[in-house]
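**Student:** Below is the file target.txt, with compact mmCIF, C-alpha atoms.
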```
# COMPACT_ATOMS: atom_id res chain seq x y z
CA VAL Y 1 109.26 -29.73 -35.14
CA SER Y 2 106.36 -31.91 -36.22
CA THR Y 3 106.75 -34.15 -33.16
CA GLN Y 4 106.89 -31.14 -30.84
CA SER Y 5 103.75 -29.65 -32.40
CA THR Y 6 101.93 -32.97 -32.04
CA GLY Y 7 102.98 -33.19 -28.40
CA GLN Y 8 101.78 -29.67 -27.71
CA ARG Y 9 98.45 -30.45 -29.35
CA SER Y 10 98.12 -33.56 -27.19
CA ILE Y 11 98.78 -31.56 -24.05
CA ARG Y 12 96.19 -28.97 -25.03
CA ILE Y 13 93.63 -31.69 -25.82
CA ALA Y 14 94.32 -33.46 -22.52
CA SER Y 15 93.97 -30.18 -20.62
CA LEU Y 16 90.72 -29.43 -22.37
CA LEU Y 17 89.33 -32.88 -21.61
CA SER Y 18 90.33 -32.51 -17.95
CA PHE Y 19 88.56 -29.17 -17.74
CA VAL Y 20 85.41 -30.53 -19.39
CA SER Y 21 85.45 -33.52 -17.05
CA LEU Y 22 85.65 -31.21 -14.05
CA ILE Y 23 82.68 -29.18 -15.26
CA LEU Y 24 80.63 -32.32 -15.94
CA LEU Y 25 81.50 -33.68 -12.50
CA PHE Y 26 80.33 -30.49 -10.85
CA LEU Y 27 77.10 -30.44 -12.86
CA TYR Y 28 76.50 -34.08 -11.94
CA PHE Y 29 76.83 -33.36 -8.23
CA PHE Y 30 74.94 -30.08 -8.41
CA TYR Y 31 71.90 -31.03 -10.45
CA SER Y 32 71.41 -34.60 -9.30
CA ASP Y 33 70.86 -33.31 -5.78
CA LYS Y 34 67.85 -31.23 -6.90
CA SER Y 35 65.58 -34.19 -7.56
CA LEU Y 36 66.63 -36.50 -4.74
CA PRO Y 37 64.82 -37.11 -1.45
CA ASP Y 38 66.68 -37.04 1.85
CA PRO Y 39 69.88 -39.08 1.38
CA PRO Y 40 69.95 -42.63 2.77
CA LYS Y 41 72.76 -43.85 5.04
CA PRO Y 42 74.83 -46.22 2.81
CA SER Y 43 78.14 -44.60 1.91
CA LEU Y 44 80.00 -46.76 -0.64
CA ASN Y 45 78.94 -49.18 -3.32
CA THR Y 46 80.70 -52.51 -3.99
CA LYS Y 47 83.27 -50.82 -6.22
CA GLY Y 48 84.38 -48.47 -3.47
CA THR Y 49 83.09 -45.30 -5.16
CA THR Y 50 80.75 -42.66 -3.74
CA THR Y 51 77.07 -43.61 -3.94
CA ILE Y 52 74.52 -40.94 -4.81
CA GLY Y 53 72.49 -40.25 -1.68
CA SER Y 54 75.21 -41.40 0.74
CA ASP Y 55 76.68 -39.35 3.58
CA SER Y 56 79.96 -38.96 1.73
CA TYR Y 57 78.12 -37.82 -1.39
CA THR Y 58 76.19 -35.22 0.61
CA GLN Y 59 79.40 -33.93 2.16
CA GLU Y 60 81.15 -33.82 -1.20
CA LEU Y 61 78.22 -31.94 -2.71
CA LYS Y 62 78.38 -29.42 0.12
CA ILE Y 63 82.09 -28.88 -0.56
CA TRP Y 64 81.48 -28.32 -4.28
CA LYS Y 65 78.71 -25.82 -3.58
CA GLU Y 66 80.98 -23.89 -1.23
CA LYS Y 67 83.76 -23.85 -3.82
CA TYR Y 68 81.33 -22.52 -6.41
CA LEU Y 69 80.08 -19.70 -4.18
CA THR Y 70 83.64 -18.83 -3.14
CA LEU Y 71 84.61 -18.53 -6.79
CA MET Y 72 81.52 -16.42 -7.53
CA ARG Y 73 82.34 -14.13 -4.61
CA SER Y 74 85.92 -13.64 -5.75
CA THR Y 75 84.92 -13.01 -9.35
CA VAL Y 76 82.24 -10.37 -8.78
CA LEU Y 77 84.55 -8.59 -6.31
CA GLY Y 78 87.40 -8.55 -8.83
CA LEU Y 79 89.58 -10.68 -6.54
CA SER Y 80 90.06 -13.38 -9.18
CA HIS Y 81 92.01 -10.89 -11.31
CA LYS Y 82 94.25 -9.22 -8.76
CA THR Y 83 97.12 -8.85 -11.21
CA ARG Y 84 94.86 -6.82 -13.50
CA GLU Y 85 92.54 -5.15 -11.01
CA LYS Y 86 92.98 -1.54 -9.91
CA SER Y 87 91.32 0.66 -7.32
CA LEU Y 88 89.69 3.93 -8.23
CA VAL Y 89 89.95 5.89 -4.99
CA LEU Y 90 87.94 9.03 -4.31
CA GLY Y 91 89.19 9.54 -0.78
CA ILE Y 92 90.83 7.01 1.50
CA GLU Y 93 90.90 8.74 4.86
CA GLU Y 94 87.94 11.06 4.34
CA SER Y 95 84.22 10.69 4.79
CA ALA Y 96 82.21 9.67 1.73
CA ASP Y 97 80.53 13.08 1.57
CA VAL Y 98 83.78 15.05 1.62
CA ALA Y 99 85.56 12.71 -0.80
CA LEU Y 100 82.79 12.81 -3.39
CA GLN Y 101 82.42 16.56 -3.20
CA LYS Y 102 86.17 17.03 -3.59
CA ALA Y 103 86.26 14.69 -6.60
CA CYS Y 104 83.53 16.72 -8.27
CA SER Y 105 84.94 20.14 -7.50
CA SER Y 106 88.61 19.36 -8.15
CA PRO Y 107 89.08 16.94 -11.06
CA SER Y 108 92.64 15.63 -11.26
CA GLU Y 109 94.54 12.90 -13.05
CA LEU Y 110 91.83 10.54 -11.75
CA CYS Y 111 88.86 12.28 -13.33
CA THR Y 112 88.29 14.95 -15.95
CA SER Y 113 85.43 17.39 -16.27
CA GLU Y 114 83.48 17.27 -19.53
CA ASN Y 115 80.54 19.39 -20.60
CA ASN Y 116 77.32 17.45 -21.07
CA THR Y 117 75.63 18.94 -24.13
CA THR Y 118 72.38 17.15 -23.30
CA ASN Y 119 71.56 19.07 -20.14
CA GLY Y 120 74.28 21.73 -20.08
CA THR Y 121 75.95 20.40 -16.92
CA ASN Y 122 79.50 19.22 -16.35
CA SER Y 123 80.14 15.50 -15.98
CA ILE Y 124 82.98 13.93 -14.03
CA VAL Y 125 84.49 11.31 -16.34
CA CYS Y 126 86.71 8.87 -14.46
CA LYS Y 127 89.51 7.32 -16.47
CA GLU Y 128 91.20 3.96 -15.99
CA PRO Y 129 92.35 4.07 -12.37
CA PRO Y 130 96.02 5.00 -12.08
CA PHE Y 131 96.20 3.49 -8.61
CA PRO Y 132 97.28 -0.06 -7.78
CA PHE Y 133 94.81 -2.57 -6.39
CA ARG Y 134 94.21 -2.05 -2.66
CA PRO Y 135 92.99 -5.25 -0.91
CA ASP Y 136 92.33 -3.31 2.29
CA LEU Y 137 89.95 -0.97 0.47
CA ARG Y 138 88.24 -3.79 -1.41
CA MET Y 139 87.62 -5.52 1.91
CA LYS Y 140 85.61 -2.49 3.07
CA GLY Y 141 84.23 -1.59 -0.36
CA THR Y 142 85.66 1.91 -0.23
CA ASP Y 143 87.23 1.85 -3.69
CA TRP Y 144 85.57 1.67 -7.11
CA PRO Y 145 86.69 -1.46 -9.01
CA PHE Y 146 88.12 -1.39 -12.48
CA ILE Y 147 87.35 -5.07 -13.28
CA GLY Y 148 85.06 -6.17 -10.43
CA LEU Y 149 81.30 -6.18 -10.94
CA THR Y 150 80.32 -4.75 -7.56
CA MET Y 151 81.46 -1.93 -5.30
CA VAL Y 152 80.09 -3.41 -2.08
CA GLY Y 153 83.35 -4.97 -0.90
CA GLU Y 154 83.94 -8.25 0.90
CA ILE Y 155 82.27 -7.42 4.21
CA ARG Y 156 78.97 -6.25 2.71
CA LEU Y 157 78.89 -9.08 0.17
CA ASP Y 158 79.42 -11.61 2.97
CA ASN Y 159 76.61 -9.92 4.89
CA LEU Y 160 74.36 -10.30 1.85
CA ARG Y 161 75.03 -14.03 1.77
CA PHE Y 162 74.50 -14.31 5.53
CA LEU Y 163 71.08 -12.66 5.32
CA LEU Y 164 70.06 -14.76 2.30
CA GLU Y 165 70.98 -17.89 4.27
CA GLU Y 166 68.93 -16.61 7.23
CA VAL Y 167 65.95 -16.11 4.92
CA ILE Y 168 66.39 -19.57 3.41
CA LYS Y 169 66.87 -21.36 6.75
CA GLY Y 170 63.93 -19.50 8.27
CA GLN Y 171 61.77 -20.32 5.22
CA THR Y 172 60.91 -16.62 4.97
CA GLU Y 173 58.68 -15.98 2.00
CA GLY Y 174 59.62 -13.41 -0.60
CA ASP Y 175 61.99 -12.27 -3.30
CA PHE Y 176 65.34 -10.49 -3.33
CA VAL Y 177 65.28 -6.88 -4.54
CA GLU Y 178 68.32 -4.71 -5.17
CA CYS Y 179 67.84 -1.04 -5.99
CA GLY Y 180 70.99 0.51 -7.42
CA VAL Y 181 73.05 -2.29 -8.97
CA TRP Y 182 75.93 -0.68 -10.95
CA ARG Y 183 77.36 -3.63 -12.95
CA GLY Y 184 75.05 -6.11 -11.23
CA GLY Y 185 77.63 -8.03 -9.18
CA ALA Y 186 75.71 -8.18 -5.89
CA SER Y 187 72.50 -9.31 -7.60
CA ILE Y 188 74.43 -11.89 -9.62
CA PHE Y 189 75.92 -13.25 -6.40
CA ALA Y 190 72.48 -13.27 -4.76
CA ARG Y 191 71.05 -15.33 -7.64
CA ALA Y 192 73.97 -17.78 -7.31
CA VAL Y 193 73.41 -18.15 -3.55
CA ILE Y 194 69.67 -18.75 -4.02
CA ASN Y 195 70.22 -21.27 -6.82
CA THR Y 196 72.82 -23.14 -4.79
CA LEU Y 197 71.39 -23.14 -1.26
CA ASP Y 198 67.62 -22.68 -1.55
CA PRO Y 199 65.65 -25.97 -1.86
CA SER Y 200 63.12 -24.10 -4.05
CA PRO Y 201 65.18 -21.51 -5.92
CA SER Y 202 62.54 -20.92 -8.59
CA GLN Y 203 60.21 -19.56 -5.91
CA ARG Y 204 62.42 -16.51 -5.37
CA ILE Y 205 62.80 -13.85 -8.03
CA VAL Y 206 65.82 -11.56 -8.12
CA TRP Y 207 64.67 -8.03 -9.00
CA VAL Y 208 67.32 -5.74 -10.49
CA VAL Y 209 66.26 -2.09 -10.28
CA ASP Y 210 68.32 0.76 -11.69
CA SER Y 211 68.19 3.69 -14.08
CA PHE Y 212 71.12 2.09 -15.95
CA ARG Y 213 72.24 5.62 -16.78
CA GLY Y 214 73.61 6.91 -13.50
CA LEU Y 215 72.06 8.86 -10.65
CA PRO Y 216 69.42 11.57 -11.08
CA LEU Y 217 69.56 15.28 -10.53
CA PRO Y 218 68.35 16.14 -7.01
CA ARG Y 219 64.63 16.95 -6.79
CA THR Y 220 64.84 18.82 -3.49
CA LYS Y 221 67.29 20.81 -1.38
CA LEU Y 222 67.94 17.70 0.71
CA ASP Y 223 70.62 16.29 -1.61
CA ARG Y 224 73.93 17.61 -2.87
CA ASP Y 225 74.19 18.30 -6.56
CA PHE Y 226 77.05 16.01 -7.60
CA TRP Y 227 75.98 12.35 -7.87
CA HIS Y 228 74.63 12.72 -11.40
CA LYS Y 229 78.02 13.95 -12.59
CA PHE Y 230 79.81 10.60 -12.33
CA SER Y 231 79.92 8.82 -15.69
CA TYR Y 232 81.62 5.86 -13.95
CA LEU Y 233 78.28 5.03 -12.33
CA ARG Y 234 76.46 4.81 -15.67
CA VAL Y 235 76.21 1.16 -16.70
CA PRO Y 236 73.67 0.30 -19.43
CA LEU Y 237 71.05 -2.41 -18.98
CA THR Y 238 72.51 -4.52 -21.79
CA GLU Y 239 75.87 -4.69 -20.00
CA VAL Y 240 74.28 -5.81 -16.72
CA GLN Y 241 72.23 -8.44 -18.52
CA GLU Y 242 75.36 -9.69 -20.28
CA ASN Y 243 77.12 -9.95 -16.91
CA PHE Y 244 74.30 -12.21 -15.66
CA ARG Y 245 74.51 -14.23 -18.86
CA SER Y 246 78.27 -14.68 -18.44
CA PHE Y 247 77.60 -16.72 -15.29
CA ASN Y 248 74.68 -18.61 -16.87
CA LEU Y 249 72.37 -16.87 -14.38
CA LEU Y 250 70.13 -14.89 -16.71
CA ASP Y 251 66.78 -16.68 -16.68
CA ASP Y 252 63.08 -16.12 -15.99
CA ASN Y 253 63.82 -15.73 -12.27
CA VAL Y 254 65.76 -12.52 -12.88
CA LYS Y 255 63.64 -9.44 -13.62
CA PHE Y 256 64.78 -5.93 -14.52
CA CYS Y 257 63.05 -2.63 -13.78
CA GLN Y 258 64.57 0.37 -15.55
CA GLY Y 259 64.26 4.01 -14.55
CA TYR Y 260 64.94 6.37 -11.68
CA PHE Y 261 63.37 4.92 -8.54
CA VAL Y 262 60.66 7.58 -8.30
CA ASP Y 263 59.42 6.52 -11.75
CA ALA Y 264 60.34 2.83 -11.94
CA LEU Y 265 59.29 1.48 -8.54
CA PRO Y 266 55.57 2.38 -8.67
CA VAL Y 267 55.20 0.23 -11.81
CA CYS Y 268 57.85 -2.44 -11.07
CA GLY Y 269 56.52 -5.97 -10.62
CA CYS Y 270 58.33 -6.34 -7.30
CA LYS Y 271 55.79 -3.98 -5.76
CA GLN Y 272 53.17 -6.70 -6.23
CA ARG Y 273 55.33 -9.39 -4.59
CA LYS Y 274 56.47 -10.26 -1.08
CA ILE Y 275 60.06 -9.23 -0.38
CA ALA Y 276 62.29 -11.25 1.94
CA LEU Y 277 65.40 -9.12 1.46
CA LEU Y 278 65.55 -5.55 0.20
CA ARG Y 279 68.99 -4.17 -0.61
CA MET Y 280 69.02 -0.38 -0.95
CA ASP Y 281 71.89 1.39 -2.67
CA GLY Y 282 70.56 4.78 -3.71
CA ASP Y 283 73.27 7.05 -2.22
CA MET Y 284 70.84 10.01 -2.08
CA TYR Y 285 68.17 11.12 0.41
CA GLU Y 286 65.42 11.18 -2.22
CA SER Y 287 66.40 7.86 -3.80
CA THR Y 288 66.40 6.18 -0.39
CA MET Y 289 62.97 7.61 0.40
CA ASP Y 290 61.71 6.44 -3.01
CA GLN Y 291 62.74 2.89 -2.14
CA LEU Y 292 61.26 2.92 1.34
CA PHE Y 293 57.91 4.47 0.42
CA ASN Y 294 57.45 2.16 -2.54
CA LEU Y 295 58.75 -1.14 -1.16
CA TYR Y 296 58.83 -1.18 2.65
CA GLU Y 297 55.28 -2.47 2.95
CA GLN Y 298 56.19 -5.41 0.69
CA VAL Y 299 59.04 -6.48 2.99
CA VAL Y 300 57.59 -9.28 5.12
CA VAL Y 301 57.86 -9.23 8.90
CA GLY Y 302 60.99 -11.23 9.62
CA GLY Y 303 62.57 -10.09 6.36
CA TYR Y 304 65.59 -7.81 6.13
CA VAL Y 305 66.51 -4.38 4.80
CA ILE Y 306 70.12 -3.63 3.84
CA ILE Y 307 71.33 -0.02 3.65
CA ASP Y 308 74.48 -0.19 1.55
CA ASP Y 309 75.50 3.45 2.07
CA TRP Y 310 74.60 4.02 5.72
CA VAL Y 311 77.86 5.97 6.02
CA ILE Y 312 76.48 8.73 3.78
CA THR Y 313 74.79 11.42 5.87
CA PHE Y 314 71.79 11.95 3.60
CA THR Y 315 71.09 8.23 3.21
CA ARG Y 316 71.21 7.68 6.95
CA LYS Y 317 68.91 10.68 7.55
CA ALA Y 318 66.39 9.34 5.02
CA VAL Y 319 66.13 5.96 6.78
CA LEU Y 320 65.79 7.54 10.21
CA ASP Y 321 63.25 10.09 8.95
CA PHE Y 322 61.15 7.36 7.36
CA LEU Y 323 61.09 5.24 10.51
CA LYS Y 324 60.36 8.28 12.68
CA LEU Y 325 57.51 9.40 10.43
CA HIS Y 326 55.87 5.97 10.74
CA GLU Y 327 56.65 5.69 14.48
CA VAL Y 328 58.75 2.57 13.97
CA GLU Y 329 61.83 1.56 15.93
CA GLU Y 330 64.09 -1.09 14.45
CA ASN Y 331 67.46 -2.39 15.64
CA ILE Y 332 69.81 -1.10 12.95
CA ILE Y 333 73.09 -3.04 12.94
CA THR Y 334 76.15 -1.34 11.45
CA LEU Y 335 78.72 -3.50 9.69
CA SER Y 336 82.41 -3.69 10.54
CA ASP Y 337 83.37 -1.94 7.29
CA GLY Y 338 81.94 1.28 8.72
CA VAL Y 339 79.88 1.76 5.54
CA GLY Y 340 76.81 -0.49 5.47
CA ALA Y 341 74.04 -1.46 7.88
CA TYR Y 342 70.94 -3.65 8.02
CA PHE Y 343 67.92 -4.43 10.16
CA GLN Y 344 65.24 -7.06 10.46
CA LYS Y 345 61.68 -5.84 10.01
CA THR Y 346 59.65 -6.57 13.14
CA GLN Y 347 56.31 -4.90 12.45
CA GLN Y 348 54.07 -4.11 9.52
CA ILE Y 349 53.10 -0.53 8.71
CA GLN Y 350 51.03 1.37 6.19
CA THR Y 351 53.19 3.96 4.47
CA ASP Y 352 52.00 7.55 4.41
CA TRP Y 353 51.75 7.87 0.63
CA ALA Y 354 50.09 11.30 0.80
CA PHE Y 355 53.10 12.63 2.71
CA TYR Y 356 55.44 11.15 0.10
CA GLU Y 357 53.54 12.69 -2.79
CA GLN Y 358 53.37 16.11 -1.20
CA ASN Y 359 56.90 16.36 0.12
CA LEU Y 360 59.05 14.39 -2.31
CA ILE Y 361 57.29 13.67 -5.57
CA ASN Y 362 56.16 17.29 -5.73
CA LYS Y 363 59.75 18.38 -5.11
CA THR Y 364 59.36 20.36 -1.91
CA PRO Y 365 61.76 19.99 1.02
CA LEU Y 366 60.86 17.40 3.63
CA PRO Y 367 59.87 19.23 6.86
CA ILE Y 368 61.29 16.69 9.30
CA THR Y 369 63.99 17.87 11.66
```
When written as structure tokens, how does the structure in this file appear?
**Tutor:**
Amino acid sequence: VSTQSTGQRSIRIASLLSFVSLILLFLYFFYSDKSLPDPPKPSLNTKGTTTIGSDSYTQELKIWKEKYLTLMRSTVLGLSHKTREKSLVLGIEESADVALQKACSSPSELCTSENNTTNGTNSIVCKEPPFPFRPDLRMKGTDWPFIGLTMVGEIRLDNLRFLLEEVIKGQTEGDFVECGVWRGGASIFARAVINTLDPSPSQRIVWVVDSFRGLPLPRTKLDRDFWHKFSYLRVPLTEVQENFRSFNLLDDNVKFCQGYFVDALPVCGCKQRKIALLRMDGDMYESTMDQLFNLYEQVVVGGYVIIDDWVITFTRKAVLDFLKLHEVEENIITLSDGVGAYFQKTQQIQTDWAFYEQNLINKTPLPIT
């Protein structure tokens, strides 16, 4: 028994040392590249090992970076825990509008209705999903994860990386801003991409904007009165910060702005910065307008705007109304998941703040048809 226990301890120690060695090797490749000039041509030293700065070293570093980002992608999507992950499904074959309304009006084994003593309204409290994990839904981001840290799905997360790489390759000035972050997975992934691929990662701040207590009550007649009912969408700031910390990505280049967009964005530091990529996930007409009126001017020409929930009627109407009001035409590209969209900003405008104050902040319906 004693010999067996000693052997088991040896195996555990060897496994631990192997794991630590792998981490140190990755850190060596990752961080040593930061301070080096363009790599010279020699490939091997006299001992036959890879030389720092050689072509083989550069290629190996590229492989390690790709492995890191692939692992980050899988983790925030919940794909690294498929045996434990589940899919909360509000409606598989229906439109987002119909599915959400049905979930609110007809609670079932998926969700229960509870009275909110704070404001006297009913809340839809979603329990642990009883449904198995659906890879096809996670691909499109049409389920709500149980373990994953983002709802955007594989296609929209890949689009986020693509646009970040376009910004980096094009040397487009500006930060990354996400409005509506849930558990923070997309912003965490964005910080990882910037840290890994951007030659000057400290020059780009990741702004994380959310109420961290769910969606607001509608201010006008332009939104349906159900988004605020979902307790599943209420993720506190401390939890999102801890999720960043879990990946060692919580630093001075990650900033948080807390509050409903109409209140938080006018005083958020991102409004004083250039924005290279704005990711909007507000779900509602008013929330989308809040983002556009407050931040669109800060998006640089050549930068990008992502509309996560283009599939939702009221979100899509808000974007089109905003562009129409300012007499702007942009080439909006819909994604293959049938949910999201994005466009590249081609011209600068001055937002009509007086219109915004009168028609949205003052809670009167927007008179655009």
**Student:** Please provide the set of residues having any atom within 6 Å of Trp144 (chain Y), restricted to all atoms listed in the file, with same-chain residues fewer than 6 positions apart removed, written as a ChimeraX atom specification.
**Tutor:** /Y:87-88,151
**Student:** Set the distance at 8 Å and use all atoms listed in the file: which residues neighbour Ser202 (chain Y) once local chain neighbours fewer than 3 positions away are removed? I'd like the list as a VMD selection string.
**Tutor:** chain Y and resid 195 205 253
**Student:** When you draw a straight line from CA of Thr172 (chain Y) to CA of Ala276 (chain Y), how long is it in Å?
**Tutor:**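 Between CA of Thr172 (chain Y) and CA of Ala276 (chain Y) the gap is 6.3 Å.
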**Student:** What is the CA of Gln347 (chain Y)-CA of Tyr304 (chain Y) distance in Å, reported with one decimal?
**Tutor:** 11.6 Å
**Student:** Could the residues of region 152-234 of chain Y that have an atom at most 8 Å from region 284-287 of chain Y be listed as a Markdown table, each with its closest atom pair and the distance in Å to one decimal, counting all atoms listed in the file and ordered by chain and ascending residue number?
**Tutor:**
```
| residue | atom | partner | partner_atom | distance |
| --- | --- | --- | --- | --- |
| Y:Pro218 | CA | Y:Glu286 | CA | 7.5 |
| Y:Arg219 | CA | Y:Glu286 | CA | 7.4 |
| Y:Thr220 | CA | Y:Glu286 | CA | 7.8 |
| Y:Leu222 | CA | Y:Tyr285 | CA | 6.6 |
| Y:Asp223 | CA | Y:Tyr285 | CA | 6.1 |
```
**Student:** Measuring atom to atom with all atoms listed in the file, identify which of Y:Arg183, Y:Arg161, Y:Arg316, Y:His81 is nearest to Glu242 (chain Y).
**Tutor:**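 Smallest separation from Glu242 (chain Y) among the options: Y:Arg183.
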**Student:** Show me as a PyMOL selection string the residues that reach within 12 Å of (58.5, 13.0, -7.1), counting all atoms listed in the file and using the file's own coordinates.
**Tutor:** chain Y and resi 216-220+260-266+286-287+289-290+293-294+353-366
**Student:** Taking 6 positions as the minimum chain separation for residues in the same chain, which residues sit within 7 Å of Asp309 (chain Y) when counting all atoms listed in the file? Answer as an MDAnalysis selection string.
**Tutor:** chainID Y and resid 281 283 315 339:340
**Student:** With only C-alpha atoms as the counted atoms, please give the residues lying no more than 9 Å from Ile147 (chain Y), apart from itself and same-chain residues fewer than 5 positions off, as an NGL selection string.
**Tutor:** :Y and (76-78 or 81 or 84-86)
**Student:** Quick one, how far is CA of Asp308 (chain Y) from CA of Tyr342 (chain Y)?
**Tutor:**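 It comes out at 8.1 Å.
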**Student:** Quick one: of Y:Gly282, Y:Pro145, Y:Gly184, Y:Gly170, who's nearest to Pro236 (chain Y), counting all atoms listed in the file?
**Tutor:**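 Among Y:Gly282, Y:Pro145, Y:Gly184, Y:Gly170, it is Y:Gly184 that comes nearest to Pro236 (chain Y).
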**Student:** Set the distance at 9 Å and use only C-alpha atoms: which residues neighbour Glu178 (chain Y) once local chain neighbours fewer than 2 positions away are removed? I'd like the list as a list in words.
**Tutor:**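 Residues meeting the cut-off are Phe176, Gly180, Val181, Ala186, Ser187, Val206, Trp207, Val208, Val209, Asp210, Leu277, Leu278, Arg279, Met280 and Asp281 of chain Y.
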**Student:** Quick one: of Y:Lys62, Y:Asp175, Y:Trp182, Y:Ala192, who's nearest to Thr238 (chain Y), counting only C-alpha atoms?
**Tutor:**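 Using only C-alpha atoms, Thr238 (chain Y) sits closest to Y:Trp182.
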**Student:** May I ask which of the residues Y:Arg156, Y:Arg224, Y:Lys255, Y:Arg73 is the closest one to Ala341 (chain Y), counting all atoms listed in the file?
**Tutor:** Y:Arg156
